[in-house]
Every structure is written in structure tokens, then in C-alpha cells.
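**Student:** Would you mind keeping the following structure in view while I ask a few things?
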Amino acid sequence: MVQNSTENEKRFDYLWLVLFLIVFINGFEAGGYQASLWNIGQNYDLSVTSMGLFASVELFATMLAPLVLGAWADRNSKAFCMKILLALEFAAAIIVFVTHSEIFFVVCVFFLGLTTSALQFISIAALADAYPKSGSRKIGFITSMYAFGALVSPLVVSFYLNYNLSWRTLFALLAIGSLVAIVGIINSGDKPREQSVLEVTNDSAGGRTSEFFLPAILLLCVIMLIYVGFENGFTFFVDTIFTDVLGSGLGKYALSVFWAVMIPSRVLVGYFAKKAKGILITATLAIPVITFILSFMENSLIFFILCIPLGFACGAIYPSVLNMMLPFAGKKTATATGMITTATGIGGFLFTALTGFVGDNFGMRIAMRVLAAIFLLTFISAVCTTRMKRKS
């Protein structure tokens, strides 16, 4: 009877699906908010500069969340933390949906940025804690959920706007998703579903598998800071490159393809999680090389085609970094994931501004070469991190 009960528990385990849903909702919110920004600006009669400030409110909250909430998530049950954050997300989305006050909108968007950012890194940490054996593979899938949500949401926004529904529909959908996720977390909890080999052998030592190793975590933060900065710098200006430099209308298609190929890339990284070290080194070298080649490209069709391997290499970075992080995080998985998430927010803000500045003053081709040169620092960081891993 005990054996049958255990088998039934394993059969009906769906915590990983709930965590996947949470990260998908985060990607959906980010992509949907970007796709709705023009309509929001029309609703509140905003200038382009004001629209940028509206967008930066969420980005600031995204950067702030891991610093404020990472240690809190490690000290408490991650299921408890996620229920609190999902409830806040639900409340903020409902308020945006029903109110027409600009002040309420800005405050609620701040809380949406705070909660979605925190939910992302806590969900990944909960996945690693609950599935110590298969977590590395599942990380590839969960990171692809964010890209999938960001890819789907602009299509959904366009669909309901074409049917004359309000841009606020996005926040109604977000509220529904948050409510479903709350129910899922309440019913599934966040107790470990698996026991790692290290935990079994270290039971006499209190089950502690490793210590938090700050130097390696900081190197991984450097990789993510530069990678997300590159990603934002490239994706924000790729349509401009096609239009102004190459005289082509393929820019929006190139952007879609760039994001689309990230999904299979991250899934494959999950399948080959044990090769994370080699994948990370290969990707951090391939990205600057391809970017440097693109900076000299005159043919728009070849440029478009090269966006496919570039997006594929970019897609491999995030799950590989997370898999590399696990041996160095010890029991502070939320803190480590939060530090990496903070680095992504900083990188996205700094490098988008840098790309725009260099592009305005020296041209977009030079801006791409600057991004490629800076990206080589991620290759050096990846090599250093893998050497730390071998010594560990």
C-alpha cells in the first residue's frame, strides 16, 4: 500500500507545471506590456519620452526585486513567498484593469514589475530545490517558457485589439493567470519531489551539499549582465539596422525569428544539462563572432539568416548559467538566482542606452562591433567559472 501511495504521488506531481505557468505568465506580461505601450500612451496622452518613463518604472522594479526579496525567499517557504507575490500580482492587475487613474496605473505597474521579477527567480529556485535530480533538465524548459510567453503575447494583444477590446484586457488575462497559479501552488506545495545523491550520502552531516561560493556567482552575474545587455541592445535596434542601414523591411521578421529560435535552444540545453559548461563557452564565443560578421554585412537576406544562429546561441546562455549556478549556490538558490536576475536588469538598462548612444554618434555598425567586443568578457568569465567548477 505504501509503495502504491508513493507511485500515485509521483504520478500526480504537477508542481513543475505550475512553476512553468508562472514563468510563462511573466514572459506574457513583459511582451504584452511592450506591445501595449503605444496604446497606453494614447490612452494617457503621453509623449514618447513619457512612454519611456512609464516603461522604465517596470524595469526599475525588476532590478529592485531580487535585491529586496532574494534573502527573504531563502529564509521562508518558497511556496509561501509565491502565494504572497501572486496575490499582489493579481491585485495590481485587477486595479489596472478597473481604474483610469494615471497614478494608480504607475504604482500598480511598479508592483507588477516587482512581483513578476521576484516570481521568476523564486520559481526557478523552487524548481531546483524540489527536483535536485531532474532540475537541470527542467531549467531549460522553464527558461523557454519566458521566451514563449514573450513571443505569444504580442500576437494575443494584436488579436483582441483588432476586435476593439481595450488594451486593459492584457491585465485581465494576467489576473486570471495569477489566480490559476495561486490555486496550483496551494494544491501542490513546494516540498522536494526528489532526493539527490549528495543529500543521501551527506545525511549524517545534516544534508548540506555545498556552500555559497560568491566569486563564481559574481562571474555568472557578469555573464548575464553583458548577455542581457547585448540582447536588449541588438533586439531594440535590429529593425533600425534593417531599415536605415540595409534598406530592407525584414527587420521585424528578423526580430521574431531571433526570439523564436531561443525556445528550441533552451529546451535542448535542458536535455544536455550535463554539457552546460561546454555549451556556455561555445555560445559566449559564437555570439561576438557572429555579431562582428553581421556588422560588415551588406546583404539583408544573409543578415536575416545569420540572426537564426545568433538567436540560437543567445537562447543557450540563460539556462546554461543557471545550471552552472546550482553547484555554487548551496542552499541559497533564491539569493543566487536573485543576484543573477538583478544583473540582467542592470545590463538591459545600461547596454540599450550604450547602443543608442554609439549608434547615434558613430553609426549602428560601430555599435554592433562595440557590443561584440564587450561580449568577449563573457567568454573570459565563462572559462574562469568552469575552472572554478573543476577545482570544486
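In the C-alpha cells, chains take letters A, B, ... by order of appearance, with residues numbered from 1 within each chain and ligands from 1 in the order shown.
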Residues of segment 63-165 of chain A that approach segment 296-318 of chain A to 10 Å or less, counting only C-alpha atoms: could you list each one with the shortest pair of atoms and its distance in Å to one decimal, rows by chain and increasing residue number, as a Markdown table?
**Tutor:**
| residue | atom | partner | partner_atom | distance |
| --- | --- | --- | --- | --- |
| A:Ile139 | CA | A:Tyr318 | CA | 9.2 |
| A:Gly140 | CA | A:Tyr318 | CA | 8.5 |
| A:Thr143 | CA | A:Tyr318 | CA | 7.3 |
| A:Ser144 | CA | A:Gly315 | CA | 8.2 |
| A:Ala147 | CA | A:Gly315 | CA | 8.8 |
**Student:** Identify, on the basis of only C-alpha atoms, every residue whose closest approach to segment 89-105 of chain A does not exceed 6 Å; exclude the query and any residue fewer than 3 positions from it along the same chain; express the result as a PDB file with N, CA and C atoms, in the first residue's frame.
**Tutor:**
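The new file result25.pdb reads:
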ATOM      1  N   LEU A  86       1.957  36.254  -5.862  1.00  0.00           N
ATOM      2  CA  LEU A  86       0.881  36.053  -6.844  1.00  0.00           C
ATOM      3  C   LEU A  86      -0.372  36.824  -6.439  1.00  0.00           C
ATOM      4  N   CYS A 108       0.733  50.477  -9.757  1.00  0.00           N
ATOM      5  CA  CYS A 108       0.432  49.058  -9.982  1.00  0.00           C
ATOM      6  C   CYS A 108       1.418  48.421 -10.948  1.00  0.00           C
ATOM      7  N   LEU A 112       3.716  45.218 -10.389  1.00  0.00           N
ATOM      8  CA  LEU A 112       3.733  44.119 -11.351  1.00  0.00           C
ATOM      9  C   LEU A 112       5.168  43.770 -11.738  1.00  0.00           C
ATOM     10  N   ARG A 168      -6.523  47.123 -21.761  1.00  0.00           N
ATOM     11  CA  ARG A 168      -6.599  46.632 -20.382  1.00  0.00           C
ATOM     12  C   ARG A 168      -6.905  45.135 -20.321  1.00  0.00           C
ATOM     13  N   PHE A 171      -4.310  42.953 -18.738  1.00  0.00           N
ATOM     14  CA  PHE A 171      -4.228  42.845 -17.283  1.00  0.00           C
ATOM     15  C   PHE A 171      -5.324  41.932 -16.727  1.00  0.00           C
ATOM     16  N   ALA A 175      -4.427  38.702 -14.525  1.00  0.00           N
ATOM     17  CA  ALA A 175      -5.095  38.404 -13.253  1.00  0.00           C
ATOM     18  C   ALA A 175      -5.612  36.967 -13.232  1.00  0.00           C
ATOM     19  N   SER A 178      -2.685  34.627 -12.786  1.00  0.00           N
ATOM     20  CA  SER A 178      -2.183  34.674 -11.401  1.00  0.00           C
ATOM     21  C   SER A 178      -3.076  33.861 -10.476  1.00  0.00           C
TER      22      SER A 178
END
**Student:** So how many Å separate atom CA of Tyr146 of chain A and atom CA of Leu250 of chain A, to one decimal?
**Tutor:**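 One can read the atom CA of Tyr146 of chain A to atom CA of Leu250 of chain A distance as 24.4 Å.
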**Student:** Could you check which of A:Phe362, A:Trp167, A:Tyr227, A:Phe258 is closest to Asp239 of chain A, using only C-alpha atoms?
**Tutor:**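 The closest residue to Asp239 of chain A is A:Phe258.
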**Student:** Provide the atom CA of Phe213 of chain A to atom CA of Val383 of chain A distance in Å, to one decimal place.
**Tutor:**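 We find that atom CA of Phe213 of chain A and atom CA of Val383 of chain A lie 16.4 Å from each other.
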**Student:** Atom CA of Trp259 of chain A and atom CA of Ala61 of chain A, how far apart in Å?
**Tutor:**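 Between atom CA of Ala61 of chain A and atom CA of Trp259 of chain A the gap is 23.6 Å.
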**Student:** Using only C-alpha atoms, pick whichever of A:Phe351, A:Trp72, A:Phe121, A:Phe272 has the shortest atom-to-atom distance to Ala336 of chain A.
**Tutor:**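 Selected residue with least distance to Ala336 of chain A: A:Phe121.
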**Student:** Of the residues A:Met339, A:Leu268, A:Ala87, A:Ala73, which is the one nearest to Gly177 of chain A, using only C-alpha atoms?
**Tutor:** A:Ala87
**Student:** Near Leu219 of chain A, within 12 Å and counting only C-alpha atoms, which residues show up once chain neighbours fewer than 2 positions away are dropped, as a ChimeraX atom specification?
**Tutor:** /A:213-217,221-226,321,324-325,328,336,339-340,343,377-389
**Student:** Take the residues from that selection and write them out as a compact mmCIF listing (two decimals), in the first residue's frame, keeping C-alpha atoms.
**Tutor:**
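Full text of again.txt as output:
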# COMPACT_ATOMS: atom_id res chain seq x y z
CA PHE A 213 30.54 30.39 -3.41
CA LEU A 214 30.37 34.13 -4.11
CA PRO A 215 33.22 34.51 -6.68
CA ALA A 216 31.61 32.04 -9.09
CA ILE A 217 28.15 33.61 -8.65
CA CYS A 221 26.31 37.69 -12.92
CA VAL A 222 28.86 39.34 -15.23
CA ILE A 223 27.90 36.90 -18.00
CA MET A 224 24.19 37.61 -17.60
CA LEU A 225 24.67 41.37 -17.26
CA ILE A 226 26.53 41.56 -20.57
CA VAL A 321 24.24 29.96 -16.48
CA MET A 324 26.33 26.33 -13.73
CA MET A 325 24.99 28.27 -10.74
CA PHE A 328 27.86 27.17 -6.26
CA ALA A 336 21.94 33.36 -6.19
CA MET A 339 21.65 38.23 -7.91
CA ILE A 340 21.69 36.97 -11.49
CA ALA A 343 22.41 41.70 -13.17
CA LEU A 377 34.25 39.44 -21.47
CA THR A 378 31.50 36.83 -21.04
CA PHE A 379 33.72 34.24 -22.74
CA ILE A 380 36.54 35.01 -20.30
CA SER A 381 34.11 34.85 -17.36
CA ALA A 382 32.73 31.52 -18.59
CA VAL A 383 36.21 30.00 -18.85
CA CYS A 384 37.09 31.22 -15.35
CA THR A 385 33.85 29.84 -13.91
CA THR A 386 34.35 26.40 -15.45
CA ARG A 387 37.83 26.24 -13.96
CA MET A 388 36.36 27.02 -10.54
CA LYS A 389 33.87 24.22 -11.08
**Student:** Counting only C-alpha atoms, which residue out of A:Gly184, A:Pro154, A:Gly41, A:Gly70 sits closest to Leu15 of chain A?
**Tutor:**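 Using only C-alpha atoms, Leu15 of chain A sits closest to A:Gly184.
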**Student:** Excluding segment 81-83 of chain A and its own-chain neighbours fewer than 6 positions away, which residues fall within 8 Å of it when counting only C-alpha atoms? Please give them as a list in words.
**Tutor:**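 Listing them by chain and then by number gives Ala73, Leu119, Ile122, Ser123, Ile182, Ile185 and Ile186 of chain A.
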**Student:** Have a look at A:Ser36, A:Thr333, A:Ser265, A:Thr282 and name the one nearest to Ala128 of chain A; count only C-alpha atoms.
**Tutor:**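 Among A:Ser36, A:Thr333, A:Ser265, A:Thr282, it is A:Thr333 that comes nearest to Ala128 of chain A.
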